[in-house]
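Coordinates from model-v5.pdb are shown below (PDB, C-alpha atoms and all ligand atoms).
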ATOM      1  CA  MET A 224      -6.881  16.690 -11.550
ATOM      2  CA  LYS A 225      -7.255  13.367  -9.754
ATOM      3  CA  ASN A 226      -6.594  12.283  -6.177
ATOM      4  CA  PHE A 227      -5.305   8.818  -5.342
ATOM      5  CA  ILE A 228      -6.879   8.013  -1.984
ATOM      6  CA  ASN A 229      -8.401   4.539  -2.273
ATOM      7  CA  ILE A 230      -8.112   1.785  -4.852
ATOM      8  CA  SER A 231     -11.917   1.647  -4.838
ATOM      9  CA  ASP A 232     -12.065   5.234  -6.185
ATOM     10  CA  CYS A 233     -10.490   4.166  -9.496
ATOM     11  CA  SER A 234     -11.842   2.000 -12.294
ATOM     12  CA  SER A 235     -10.234  -1.324 -13.222
ATOM     13  CA  VAL A 236      -9.172   0.219 -16.529
ATOM     14  CA  GLU A 237      -7.404   3.126 -14.807
ATOM     15  CA  LEU A 238      -5.655   0.832 -12.325
ATOM     16  CA  ARG A 239      -4.549  -1.535 -15.088
ATOM     17  CA  ALA A 240      -3.146   1.431 -17.045
ATOM     18  CA  ILE A 241      -1.168   2.555 -13.978
ATOM     19  CA  ILE A 242       0.385  -0.918 -13.607
ATOM     20  CA  GLU A 243       1.240  -1.232 -17.306
ATOM     21  CA  GLU A 244       2.837   2.235 -17.369
ATOM     22  CA  ALA A 245       4.912   1.276 -14.304
ATOM     23  CA  LYS A 246       6.136  -1.906 -16.009
ATOM     24  CA  LYS A 247       7.027  -0.016 -19.177
ATOM     25  CA  ARG A 248       8.852   2.828 -17.419
ATOM     26  CA  LYS A 249      10.789   0.400 -15.233
ATOM     27  CA  GLN A 250      11.937  -1.563 -18.286
ATOM     28  CA  ASN A 251      12.816   1.558 -20.259
ATOM     29  CA  ARG A 252      15.195   2.902 -17.601
ATOM     30  CA  SER A 253      17.139  -0.306 -17.024
ATOM     31  CA  GLY A 254      20.841   0.482 -16.678
ATOM     32  CA  LEU A 255      20.305   4.047 -15.466
ATOM     33  CA  ASN A 256      21.547   5.115 -12.025
ATOM     34  CA  LYS A 257      19.015   4.794  -9.204
ATOM     35  CA  SER A 258      18.064   8.462  -9.097
ATOM     36  CA  ALA A 259      18.804   9.412 -12.725
ATOM     37  CA  PRO A 260      15.791  10.906 -14.503
ATOM     38  CA  ASP A 261      13.853   9.035 -17.181
ATOM     39  CA  ASN A 262      14.579  10.312 -20.692
ATOM     40  CA  ASP A 263      11.259  12.145 -21.051
ATOM     41  CA  LYS A 264      11.366  13.805 -17.560
ATOM     42  CA  PRO A 265       7.561  14.202 -17.377
ATOM     43  CA  PHE A 266       7.721  15.973 -13.974
ATOM     44  CA  GLU A 267      10.470  18.452 -14.965
ATOM     45  CA  GLY A 268      10.068  21.791 -13.184
ATOM     46  CA  LYS A 269       7.431  20.277 -10.889
ATOM     47  CA  SER A 270       7.530  19.324  -7.249
ATOM     48  CA  MET A 271       5.801  17.251  -4.604
ATOM     49  CA  ALA A 272       5.300  18.074  -0.916
ATOM     50  CA  MET A 273       5.213  15.092   1.421
ATOM     51  CA  ILE A 274       3.702  15.267   4.885
ATOM     52  CA  PHE A 275       4.297  12.429   7.324
ATOM     53  CA  GLU A 276       2.245  12.369  10.512
ATOM     54  CA  LYS A 277       3.717   8.933  11.206
ATOM     55  CA  PRO A 278       7.116   7.266  10.702
ATOM     56  CA  SER A 279       8.098   5.903   7.306
ATOM     57  CA  THR A 280      11.174   4.487   5.608
ATOM     58  CA  ARG A 281       9.904   3.076   2.309
ATOM     59  CA  THR A 282       7.181   5.590   1.478
ATOM     60  CA  ARG A 283       9.494   8.503   2.232
ATOM     61  CA  MET A 284      12.411   7.150   0.199
ATOM     62  CA  SER A 285      10.419   5.704  -2.679
ATOM     63  CA  PHE A 286       8.383   8.867  -3.326
ATOM     64  CA  ASP A 287      11.523  10.980  -3.231
ATOM     65  CA  ILE A 288      13.281   8.709  -5.749
ATOM     66  CA  ALA A 289      10.114   8.418  -7.863
ATOM     67  CA  VAL A 290       9.912  12.194  -8.195
ATOM     68  CA  LYS A 291      13.641  12.416  -9.060
ATOM     69  CA  GLN A 292      13.227   9.743 -11.746
ATOM     70  CA  LEU A 293      10.322  11.717 -13.204
ATOM     71  CA  GLY A 294      12.650  14.722 -13.406
ATOM     72  CA  GLY A 295      11.083  16.742 -10.551
ATOM     73  CA  SER A 296      11.874  17.550  -6.944
ATOM     74  CA  SER A 297      10.306  16.853  -3.565
ATOM     75  CA  ILE A 298      10.190  18.428  -0.146
ATOM     76  CA  ILE A 299       9.360  16.631   3.109
ATOM     77  CA  LEU A 300       7.298  18.626   5.597
ATOM     78  CA  ASN A 301       7.235  17.619   9.225
ATOM     79  CA  PRO A 302       3.707  18.390  10.511
ATOM     80  CA  ASP A 303       5.259  19.637  13.764
ATOM     81  CA  GLY A 304       7.392  22.123  11.840
ATOM     82  CA  ILE A 305       4.592  23.674   9.778
ATOM     83  CA  HIS A 306       1.241  25.197  10.741
ATOM     84  CA  TYR A 307      -0.797  22.271   9.319
ATOM     85  CA  GLY A 308      -4.173  22.903  10.881
ATOM     86  CA  LYS A 309      -2.722  24.012  14.182
ATOM     87  CA  GLY A 310      -2.580  27.304  16.024
ATOM     88  CA  ASP A 311      -3.648  30.154  13.799
ATOM     89  CA  GLU A 312      -3.967  28.263  10.526
ATOM     90  CA  THR A 313      -6.752  25.896   9.503
ATOM     91  CA  LEU A 314      -6.116  22.750   7.452
ATOM     92  CA  LYS A 315      -7.960  24.478   4.616
ATOM     93  CA  ASP A 316      -5.576  27.449   4.637
ATOM     94  CA  THR A 317      -2.500  25.197   4.741
ATOM     95  CA  ALA A 318      -3.921  23.309   1.756
ATOM     96  CA  LYS A 319      -4.535  26.541  -0.174
ATOM     97  CA  VAL A 320      -0.976  27.726   0.455
ATOM     98  CA  LEU A 321       0.608  24.421  -0.582
ATOM     99  CA  SER A 322      -1.445  24.541  -3.788
ATOM    100  CA  GLU A 323       0.431  27.736  -4.704
ATOM    101  CA  TYR A 324       3.892  26.236  -4.137
ATOM    102  CA  VAL A 325       3.860  22.644  -5.397
ATOM    103  CA  ASP A 326       2.118  20.485  -7.994
ATOM    104  CA  ILE A 327       1.069  17.495  -5.897
ATOM    105  CA  VAL A 328       0.924  16.470  -2.219
ATOM    106  CA  MET A 329       1.495  13.104  -0.581
ATOM    107  CA  LEU A 330       0.075  12.651   2.904
ATOM    108  CA  ARG A 331       0.586   9.910   5.487
ATOM    109  CA  THR A 332      -1.945  10.362   8.218
ATOM    110  CA  SER A 333      -3.565   8.701  11.223
ATOM    111  CA  SER A 334      -6.877  10.200  10.171
ATOM    112  CA  HIS A 335      -8.412   9.234   6.857
ATOM    113  CA  LYS A 336     -10.862  12.095   7.441
ATOM    114  CA  ASN A 337      -7.926  14.540   7.498
ATOM    115  CA  LEU A 338      -6.811  13.164   4.157
ATOM    116  CA  GLU A 339     -10.239  13.606   2.599
ATOM    117  CA  GLU A 340     -10.592  17.085   4.045
ATOM    118  CA  PHE A 341      -7.131  18.102   2.914
ATOM    119  CA  GLY A 342      -7.932  16.760  -0.560
ATOM    120  CA  LYS A 343     -11.115  18.831  -0.687
ATOM    121  CA  HIS A 344      -9.246  22.084  -0.090
ATOM    122  CA  LEU A 345      -6.163  21.437  -2.219
ATOM    123  CA  ASP A 346      -6.284  22.719  -5.785
ATOM    124  CA  ILE A 347      -3.718  20.041  -6.694
ATOM    125  CA  PRO A 348      -3.873  16.235  -6.388
ATOM    126  CA  VAL A 349      -3.250  14.404  -3.122
ATOM    127  CA  ILE A 350      -1.884  10.860  -2.829
ATOM    128  CA  ASN A 351      -2.581   8.667   0.179
ATOM    129  CA  GLY A 352       0.780   7.511   1.539
ATOM    130  CA  LEU A 353      -1.019   5.355   4.152
ATOM    131  CA  SER A 354      -3.928   6.173   6.409
ATOM    132  CA  ASN A 355      -5.653   4.244   9.157
ATOM    133  CA  VAL A 356      -8.128   3.051   6.485
ATOM    134  CA  SER A 357      -6.032   2.192   3.435
ATOM    135  CA  HIS A 358      -2.578   1.859   1.895
ATOM    136  CA  PRO A 359      -3.290   1.945  -1.837
ATOM    137  CA  CYS A 360       0.263   2.739  -3.041
ATOM    138  CA  GLN A 361       1.642  -0.360  -1.337
ATOM    139  CA  ILE A 362      -0.995  -2.631  -2.831
ATOM    140  CA  MET A 363      -0.479  -1.183  -6.329
ATOM    141  CA  SER A 364       3.229  -1.847  -6.060
ATOM    142  CA  ASP A 365       2.471  -5.372  -4.807
ATOM    143  CA  ILE A 366       0.349  -6.048  -7.898
ATOM    144  CA  LEU A 367       3.293  -4.878 -10.005
ATOM    145  CA  THR A 368       5.671  -7.142  -8.060
ATOM    146  CA  TYR A 369       3.389 -10.155  -8.449
ATOM    147  CA  GLU A 370       2.912  -9.667 -12.175
ATOM    148  CA  GLU A 371       6.593  -9.069 -12.899
ATOM    149  CA  SER A 372       7.503 -12.548 -11.734
ATOM    150  CA  ASN A 373       4.303 -14.558 -12.155
ATOM    151  CA  GLY A 374       2.269 -12.930 -14.943
ATOM    152  CA  SER A 375      -1.269 -11.594 -14.746
ATOM    153  CA  ILE A 376      -2.826 -11.692 -11.287
ATOM    154  CA  GLU A 377      -6.306 -12.166 -12.749
ATOM    155  CA  GLY A 378      -7.839 -15.454 -11.598
ATOM    156  CA  LYS A 379      -4.976 -16.177  -9.183
ATOM    157  CA  ILE A 380      -5.378 -17.002  -5.486
ATOM    158  CA  VAL A 381      -3.941 -14.510  -3.006
ATOM    159  CA  SER A 382      -3.934 -15.316   0.721
ATOM    160  CA  TRP A 383      -3.854 -12.729   3.465
ATOM    161  CA  ILE A 384      -2.936 -14.233   6.829
ATOM    162  CA  GLY A 385      -3.114 -12.480  10.219
ATOM    163  CA  ASP A 386      -4.767  -9.158  10.996
ATOM    164  CA  GLY A 387      -7.752  -9.020   8.654
ATOM    165  CA  ASN A 388      -8.857  -5.550   9.656
ATOM    166  CA  ASN A 389      -6.166  -3.028   8.816
ATOM    167  CA  ASN A 390      -5.238  -0.539   6.087
ATOM    168  CA  MET A 391      -3.409  -3.158   3.999
ATOM    169  CA  SER A 392      -6.157  -5.781   4.102
ATOM    170  CA  ASN A 393      -8.746  -3.126   3.197
ATOM    171  CA  SER A 394      -6.804  -2.040   0.108
ATOM    172  CA  LEU A 395      -6.127  -5.661  -0.833
ATOM    173  CA  ILE A 396      -9.857  -6.456  -0.757
ATOM    174  CA  GLU A 397     -10.473  -3.488  -3.038
ATOM    175  CA  ALA A 398      -7.694  -4.680  -5.357
ATOM    176  CA  ALA A 399      -9.185  -8.195  -5.502
ATOM    177  CA  GLY A 400     -12.371  -6.634  -6.873
ATOM    178  CA  LYS A 401     -10.613  -4.368  -9.345
ATOM    179  CA  PHE A 402      -7.978  -6.847 -10.621
ATOM    180  CA  ASN A 403     -10.220  -9.948 -10.440
ATOM    181  CA  PHE A 404      -8.252 -12.322  -8.243
ATOM    182  CA  GLN A 405      -9.527 -14.556  -5.479
ATOM    183  CA  LEU A 406      -8.643 -13.359  -1.992
ATOM    184  CA  LYS A 407      -8.642 -15.744   0.951
ATOM    185  CA  ILE A 408      -8.261 -14.058   4.312
ATOM    186  CA  GLY A 409      -7.207 -16.248   7.230
ATOM    187  CA  CYS A 410      -7.768 -14.358  10.484
ATOM    188  CA  PRO A 411      -9.330 -14.761  13.914
ATOM    189  CA  LYS A 412     -12.961 -13.637  14.161
ATOM    190  CA  LYS A 413     -11.911 -10.728  16.369
ATOM    191  CA  TYR A 414      -9.674  -9.315  13.624
ATOM    192  CA  ALA A 415     -11.888 -10.024  10.631
ATOM    193  CA  PRO A 416     -12.555  -7.373   7.943
ATOM    194  CA  ASN A 417     -14.942  -4.664   9.116
ATOM    195  CA  LYS A 418     -18.528  -4.220   7.924
ATOM    196  CA  THR A 419     -17.783  -1.254   5.665
ATOM    197  CA  ILE A 420     -15.264  -3.142   3.553
ATOM    198  CA  LEU A 421     -17.315  -6.356   3.619
ATOM    199  CA  ASN A 422     -20.330  -4.449   2.315
ATOM    200  CA  TRP A 423     -18.186  -2.912  -0.422
ATOM    201  CA  SER A 424     -16.868  -6.329  -1.355
ATOM    202  CA  LYS A 425     -20.377  -7.826  -1.553
ATOM    203  CA  LYS A 426     -21.642  -4.946  -3.645
ATOM    204  CA  ASN A 427     -18.681  -5.261  -5.978
ATOM    205  CA  LYS A 428     -18.841  -9.077  -6.154
ATOM    206  CA  VAL A 429     -15.318  -9.580  -4.862
ATOM    207  CA  ASN A 430     -14.203 -13.214  -4.870
ATOM    208  CA  LEU A 431     -13.475 -13.141  -1.133
ATOM    209  CA  ILE A 432     -13.315 -15.930   1.421
ATOM    210  CA  VAL A 433     -12.819 -15.100   5.100
ATOM    211  CA  THR A 434     -11.961 -18.033   7.338
ATOM    212  CA  ASN A 435     -10.495 -18.444  10.791
ATOM    213  CA  LYS A 436      -8.576 -21.511   9.580
ATOM    214  CA  PRO A 437      -5.136 -20.411   8.369
ATOM    215  CA  TYR A 438      -4.505 -23.659   6.427
ATOM    216  CA  GLU A 439      -7.759 -23.275   4.562
ATOM    217  CA  ALA A 440      -6.812 -19.686   3.673
ATOM    218  CA  ILE A 441      -3.366 -20.585   2.377
ATOM    219  CA  LYS A 442      -4.230 -23.807   0.521
ATOM    220  CA  ASP A 443      -3.366 -23.668  -3.205
ATOM    221  CA  SER A 444      -2.330 -20.044  -2.905
ATOM    222  CA  ASP A 445      -0.240 -18.287  -5.565
ATOM    223  CA  CYS A 446       0.741 -15.444  -3.264
ATOM    224  CA  VAL A 447       0.881 -15.310   0.532
ATOM    225  CA  MET A 448       0.780 -11.944   2.273
ATOM    226  CA  THR A 449       0.873 -10.786   5.845
ATOM    227  CA  ASP A 450       1.513  -7.600   7.815
ATOM    228  CA  LYS A 451       2.537  -6.467  11.271
ATOM    229  CA  TRP A 452       0.132  -7.679  13.945
ATOM    230  CA  ILE A 453       0.195  -4.262  15.600
ATOM    231  CA  SER A 454      -0.219  -1.457  13.076
ATOM    232  CA  MET A 455       0.961   2.092  13.719
ATOM    233  CA  ASN A 456      -2.600   3.137  14.535
ATOM    234  CA  ASP A 457      -3.504   0.213  16.725
ATOM    235  CA  LYS A 458      -4.656   1.237  20.142
ATOM    236  CA  VAL A 459      -5.009  -2.314  21.426
ATOM    237  CA  ASN A 460      -3.687  -4.476  24.187
ATOM    238  CA  LYS A 461      -0.642  -5.649  22.241
ATOM    239  CA  LYS A 462      -0.050  -8.758  24.340
ATOM    240  CA  VAL A 463      -3.631  -9.968  23.907
ATOM    241  CA  LYS A 464      -3.699  -9.278  20.172
ATOM    242  CA  LYS A 465      -0.380 -11.054  19.580
ATOM    243  CA  LYS A 466      -1.577 -14.091  21.535
ATOM    244  CA  ILE A 467      -4.778 -14.337  19.481
ATOM    245  CA  LEU A 468      -2.823 -14.008  16.234
ATOM    246  CA  LYS A 469      -0.128 -16.544  17.119
ATOM    247  CA  PRO A 470      -1.774 -19.438  15.151
ATOM    248  CA  TYR A 471      -1.669 -17.175  12.070
ATOM    249  CA  GLN A 472       2.104 -16.878  11.956
ATOM    250  CA  VAL A 473       3.414 -17.526   8.438
ATOM    251  CA  ASN A 474       6.082 -20.138   9.062
ATOM    252  CA  LYS A 475       7.570 -22.858   6.841
ATOM    253  CA  LYS A 476       4.889 -25.362   7.771
ATOM    254  CA  LEU A 477       2.010 -23.030   6.946
ATOM    255  CA  MET A 478       3.758 -21.747   3.806
ATOM    256  CA  SER A 479       4.156 -25.327   2.524
ATOM    257  CA  ALA A 480       0.359 -25.555   2.164
ATOM    258  CA  ALA A 481       0.493 -22.885  -0.573
ATOM    259  CA  LYS A 482       1.456 -23.777  -4.158
ATOM    260  CA  SER A 483       5.123 -24.795  -4.403
ATOM    261  CA  ASP A 484       5.864 -21.750  -6.590
ATOM    262  CA  ALA A 485       3.863 -19.314  -4.426
ATOM    263  CA  ILE A 486       5.575 -16.071  -3.528
ATOM    264  CA  PHE A 487       5.648 -14.485  -0.076
ATOM    265  CA  MET A 488       4.990 -10.761   0.336
ATOM    266  CA  HIS A 489       5.212  -8.362   3.262
ATOM    267  CA  CYS A 490       4.949  -4.582   2.962
ATOM    268  CA  LEU A 491       7.502  -4.089   5.797
ATOM    269  CA  PRO A 492       8.389  -3.108   8.476
ATOM    270  CA  VAL A 493       8.245  -6.679   9.746
ATOM    271  CA  GLY A 494       7.788  -8.200  13.177
ATOM    272  CA  ARG A 495      10.260 -11.050  12.717
ATOM    273  CA  GLY A 496       9.248 -14.118  14.737
ATOM    274  CA  GLU A 497       5.734 -12.735  15.076
ATOM    275  CA  GLU A 498       3.641 -12.626  11.883
ATOM    276  CA  VAL A 499       6.430 -14.344   9.902
ATOM    277  CA  THR A 500       9.484 -16.446  10.687
ATOM    278  CA  ASP A 501      12.983 -15.637   9.396
ATOM    279  CA  ASP A 502      13.138 -18.754   7.220
ATOM    280  CA  VAL A 503      10.088 -17.557   5.260
ATOM    281  CA  ILE A 504      10.878 -13.852   4.928
ATOM    282  CA  ASP A 505      14.537 -14.583   4.115
ATOM    283  CA  GLY A 506      13.678 -17.683   2.087
ATOM    284  CA  LYS A 507      13.546 -18.323  -1.658
ATOM    285  CA  GLN A 508       9.839 -17.578  -2.029
ATOM    286  CA  SER A 509      10.106 -14.133  -0.466
ATOM    287  CA  VAL A 510      10.042 -11.075  -2.735
ATOM    288  CA  VAL A 511       9.977  -8.431   0.006
ATOM    289  CA  TRP A 512      12.997  -6.398  -1.146
ATOM    290  CA  ARG A 513      11.687  -6.169  -4.702
ATOM    291  CA  GLN A 514       8.352  -5.066  -3.226
ATOM    292  CA  ALA A 515      10.152  -2.183  -1.531
ATOM    293  CA  LEU A 516      11.904  -1.228  -4.780
ATOM    294  CA  ASN A 517       8.687  -1.398  -6.764
ATOM    295  CA  ARG A 518       7.147   1.288  -4.588
ATOM    296  CA  VAL A 519       9.258   3.677  -6.685
ATOM    297  CA  HIS A 520       7.946   2.378 -10.000
ATOM    298  CA  ALA A 521       4.276   2.072  -9.048
ATOM    299  CA  GLN A 522       4.276   5.543  -7.479
ATOM    300  CA  LYS A 523       5.846   7.179 -10.535
ATOM    301  CA  SER A 524       2.926   5.881 -12.479
ATOM    302  CA  ILE A 525       0.427   7.018  -9.814
ATOM    303  CA  ILE A 526       1.911  10.539  -9.800
ATOM    304  CA  LYS A 527       1.660  10.662 -13.598
ATOM    305  CA  TRP A 528      -1.940   9.433 -13.502
ATOM    306  CA  CYS A 529      -2.875  12.130 -10.977
ATOM    307  CA  LEU A 530      -1.386  14.873 -13.122
ATOM    308  CA  ASP A 531      -2.320  13.712 -16.621
TER     309      ASP A 531
HETATM  310  N1  LIG B 601       5.494  -0.314   3.580
HETATM  311  C1  LIG B 601       5.559   0.956   4.017
HETATM  312  O1  LIG B 601       4.675   1.781   3.754
HETATM  313  O2  LIG B 601       6.682   1.217   4.730
HETATM  314  P1  LIG B 601       7.022   2.570   5.502
HETATM  315  O3  LIG B 601       6.121   2.621   6.716
HETATM  316  O4  LIG B 601       8.464   2.432   5.866
HETATM  317  O5  LIG B 601       6.769   3.724   4.594
HETATM  318  N1  LIG B 602      -0.536  -1.960   8.669
HETATM  319  C1  LIG B 602       0.750  -1.321   8.813
HETATM  320  C2  LIG B 602       1.353  -1.028   7.487
HETATM  321  C3  LIG B 602       2.727  -0.429   7.567
HETATM  322  C4  LIG B 602       3.295  -0.079   6.231
HETATM  323  C5  LIG B 602       0.611  -0.064   9.631
HETATM  324  O1  LIG B 602      -0.322   0.719   9.408
HETATM  325  O2  LIG B 602       1.431   0.151  10.517
END
Before we go any further, please render this structure as structure tokens.
Ligand code: CP
Ligand code: NVA
Amino acid sequence: MKNFINISDCSSVELRAIIEEAKKRKQNRSGLNKSAPDNDKPFEGKSMAMIFEKPSTRTRMSFDIAVKQLGGSSIILNPDGIHYGKGDETLKDTAKVLSEYVDIVMLRTSSHKNLEEFGKHLDIPVINGLSNVSHPCQIMSDILTYEESNGSIEGKIVSWIGDGNNNMSNSLIEAAGKFNFQLKIGCPKKYAPNKTILNWSKKNKVNLIVTNKPYEAIKDSDCVMTDKWISMNDKVNKKVKKKILKPYQVNKKLMSAAKSDAIFMHCLPVGRGEEVTDDVIDGKQSVVWRQALNRVHAQKSIIKWCLD
């Protein structure tokens, strides 16, 4: 039984296998209806419980469809509608009960500690559907999206522009180490990657450049990524943060400093006119809708990996 909490918890070989399985399964089901099961139905008779402490469109939909395509079923639990560590039931007891009913749990939480604690008490795997610390499922699906159109990501240059200290940038740094690509982060000093992830990246010899010059970060890039300036967990002065991040907006001018065939990625939801302009996100280089779709395919593979 394996949990999928951080990219850094897995070996490069395991992560590569997850991506290759996702590619293969996606190809094999071409022509099938969106929610039709794969021929081998590896999750038949099994189910997943999903708990969302925070809003979600893509993670909610893509896990539900992923489970259907694997031949299983899913149930969404609203933390306000279940005991979930409140009142008379501890988190441990909720975890023990869920372990009796379902085969795997997906949790989106504001507290990474909650996720780790929940994982400790569950007798079944738990998948991180976004925490304040990391968003590994999104980054795995982004690797899949990159490789589908542009081939192996190894040795390529990926640029992360904007908030350099959030769940997405943390998981991307971990992915740079595991998949061997160069990561250039363009962010203001105030929103640079935190010490914990920088220490991890040094220890793991990640090819990482952090600069406060957005043009330097995007130069010669194969893939440009950004994210909302104000994340769901951010307890900041929004006005101040947005003002500081303004020079890091991905617009046509900045994007033109990347390679001419670079792709643009955004995990969504997007702050249009803030971290990215409409002409970039709706432009030819953008692959954001395929990114959303690929959540399904990457997560099928992650679920399988957890249960194999
Ligand atoms: N990208 C992503 O995780 O989107 P949701 O918040 O809609 O799940
Ligand atoms: N960094 C963003 C990602 C949303 C999918 C957030 O946590 O809100």
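Considering only C-alpha atoms and all ligand atoms, every residue of the polymer chains approaching ligand LIG 602 (chain B) to 8 Å or closer is listed here: A:Ser279, A:Leu353, A:Ser354, A:Asn355, A:His358, A:Gln361, A:Asn389, A:Asn390, A:Met391, A:Asp450, A:Lys451, A:Trp452, A:Ile453, A:Ser454, A:Met455, A:Asn456, A:Asp457, A:Cys490, A:Leu491, A:Pro492.
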Residue members of the PyMOL selection byres (((chain A and resi 275) around 7) and not hetatm) in the file shown, as a list in words: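 This file gives the following for the PyMOL selection byres (((chain A and resi 275) around 7) and not hetatm): Met273, Ile274, Glu276, Lys277, Pro278, Asn301, Pro302, Leu330, Arg331 and Thr332 of chain A.
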Separation of atom CA of Asn351 of chain A from atom CA of Gln514 of chain A, in Å and rounded to one decimal: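 The value is 17.9 Å.
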Do you have, as JSON lines, the list of residues of segment 418-530 of chain A lying at most 12 Å from segment 281-294 of chain A, each with its nearest atom pair and that distance in Å to one decimal, counting only C-alpha atoms and ordered by chain then number?
{"residue": "A:Cys490", "atom": "CA", "partner": "A:Arg281", "partner_atom": "CA", "distance": 9.1}
{"residue": "A:Leu491", "atom": "CA", "partner": "A:Arg281", "partner_atom": "CA", "distance": 8.3}
{"residue": "A:Pro492", "atom": "CA", "partner": "A:Arg281", "partner_atom": "CA", "distance": 8.9}
{"residue": "A:Val511", "atom": "CA", "partner": "A:Arg281", "partner_atom": "CA", "distance": 11.7}
{"residue": "A:Trp512", "atom": "CA", "partner": "A:Arg281", "partner_atom": "CA", "distance": 10.5}
{"residue": "A:Arg513", "atom": "CA", "partner": "A:Arg281", "partner_atom": "CA", "distance": 11.7}
{"residue": "A:Gln514", "atom": "CA", "partner": "A:Arg281", "partner_atom": "CA", "distance": 10.0}
{"residue": "A:Ala515", "atom": "CA", "partner": "A:Arg281", "partner_atom": "CA", "distance": 6.5}
{"residue": "A:Leu516", "atom": "CA", "partner": "A:Ser285", "partner_atom": "CA", "distance": 7.4}
{"residue": "A:Asn517", "atom": "CA", "partner": "A:Ser285", "partner_atom": "CA", "distance": 8.4}
{"residue": "A:Arg518", "atom": "CA", "partner": "A:Ser285", "partner_atom": "CA", "distance": 5.8}
{"residue": "A:Val519", "atom": "CA", "partner": "A:Ser285", "partner_atom": "CA", "distance": 4.6}
{"residue": "A:His520", "atom": "CA", "partner": "A:Ala289", "partner_atom": "CA", "distance": 6.8}
{"residue": "A:Ala521", "atom": "CA", "partner": "A:Ala289", "partner_atom": "CA", "distance": 8.7}
{"residue": "A:Gln522", "atom": "CA", "partner": "A:Ala289", "partner_atom": "CA", "distance": 6.5}
{"residue": "A:Lys523", "atom": "CA", "partner": "A:Ala289", "partner_atom": "CA", "distance": 5.2}
{"residue": "A:Ser524", "atom": "CA", "partner": "A:Ala289", "partner_atom": "CA", "distance": 8.9}
{"residue": "A:Ile525", "atom": "CA", "partner": "A:Ala289", "partner_atom": "CA", "distance": 10.0}
{"residue": "A:Ile526", "atom": "CA", "partner": "A:Val290", "partner_atom": "CA", "distance": 8.3}
{"residue": "A:Lys527", "atom": "CA", "partner": "A:Leu293", "partner_atom": "CA", "distance": 8.7}
Hits from the PyMOL selection byres (((chain A and resi 439) around 12) and not hetatm), listed as a PyMOL selection string: chain A and resi 382-384+406-410+432-438+440-444+471+477-478+480-481
Pull out every residue that the PyMOL selection byres (((chain A and resi 484) around 9) and not hetatm) matches in the shown coordinates and put them as a short mmCIF file (atom, residue, chain, number, x, y, z; two decimals) with C-alpha atoms, keeping the file's coordinate frame.
data_model
loop_
_atom_site.label_atom_id
_atom_site.label_comp_id
_atom_site.auth_asym_id
_atom_site.auth_seq_id
_atom_site.Cartn_x
_atom_site.Cartn_y
_atom_site.Cartn_z
CA ASP A 445 -0.24 -18.29 -5.56
CA CYS A 446 0.74 -15.44 -3.26
CA ALA A 481 0.49 -22.88 -0.57
CA LYS A 482 1.46 -23.78 -4.16
CA SER A 483 5.12 -24.80 -4.40
CA ALA A 485 3.86 -19.31 -4.43
CA ILE A 486 5.58 -16.07 -3.53
CA GLN A 508 9.84 -17.58 -2.03
#
Among the residues A:Asp346, A:Glu244, A:Glu498, A:Asp365, the one that comes closest to ligand LIG 601 (chain B) [using all atoms listed in the file]: A:Asp365
All residues 8 Å or closer to Leu367 of chain A, all atoms listed in the file, same chain fewer than 2 positions away omitted, as a ChimeraX atom specification: /A:242,245-246,363-365,369-371,517,521
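Considering the residues A:Ile347, A:Ser235, A:Arg252, A:Pro470 and counting only C-alpha atoms, Asn427 of chain A has its shortest atom-to-atom contact with A:Ser235.
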Atom-to-atom span, atom CA of Ile504 of chain A and atom CA of Pro359 of chain A, Å: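 These atoms are spaced 22.3 Å apart.
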Atomic distance atom CA of Ser375 of chain A - atom CA of Cys360 of chain A, expressed in Å with one decimal: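 For atom CA of Ser375 of chain A relative to atom CA of Cys360 of chain A, the distance reads 18.6 Å.
Restricting the calculation to only C-alpha atoms and all ligand atoms, the smallest distance between ligand LIG 601 (chain B) and any of A:His489, A:Lys469, A:Lys428, A:Arg248 is found for A:His489.
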Contact residues around Ser296 of chain A with all atoms listed in the file at 12 Å, ignoring same-chain residues under 6 positions, as a PyMOL selection string: chain A and resi 258+260+264-273+286-290+325-328
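When only C-alpha atoms and all ligand atoms are used to measure the gap to ligand LIG 601 (chain B), the shortest distance among A:Val503, A:Lys461, A:Lys343, A:Thr280 belongs to A:Thr280.
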Expected axis-aligned box over every listed atom of segment 440-451 of chain A, 6 Å added per side, centre plus edges in Å to one decimal, as lines of an AutoDock Vina configuration file:
center_x = -2.1
center_y = -15.1
center_z = 2.9
size_x = 21.3
size_y = 29.3
size_z = 28.8
Nearest-residue call for ligand LIG 601 (chain B), choices A:Gly400, A:Gly310, A:Gly494, A:Gly352, using only C-alpha atoms and all ligand atoms: A:Gly352
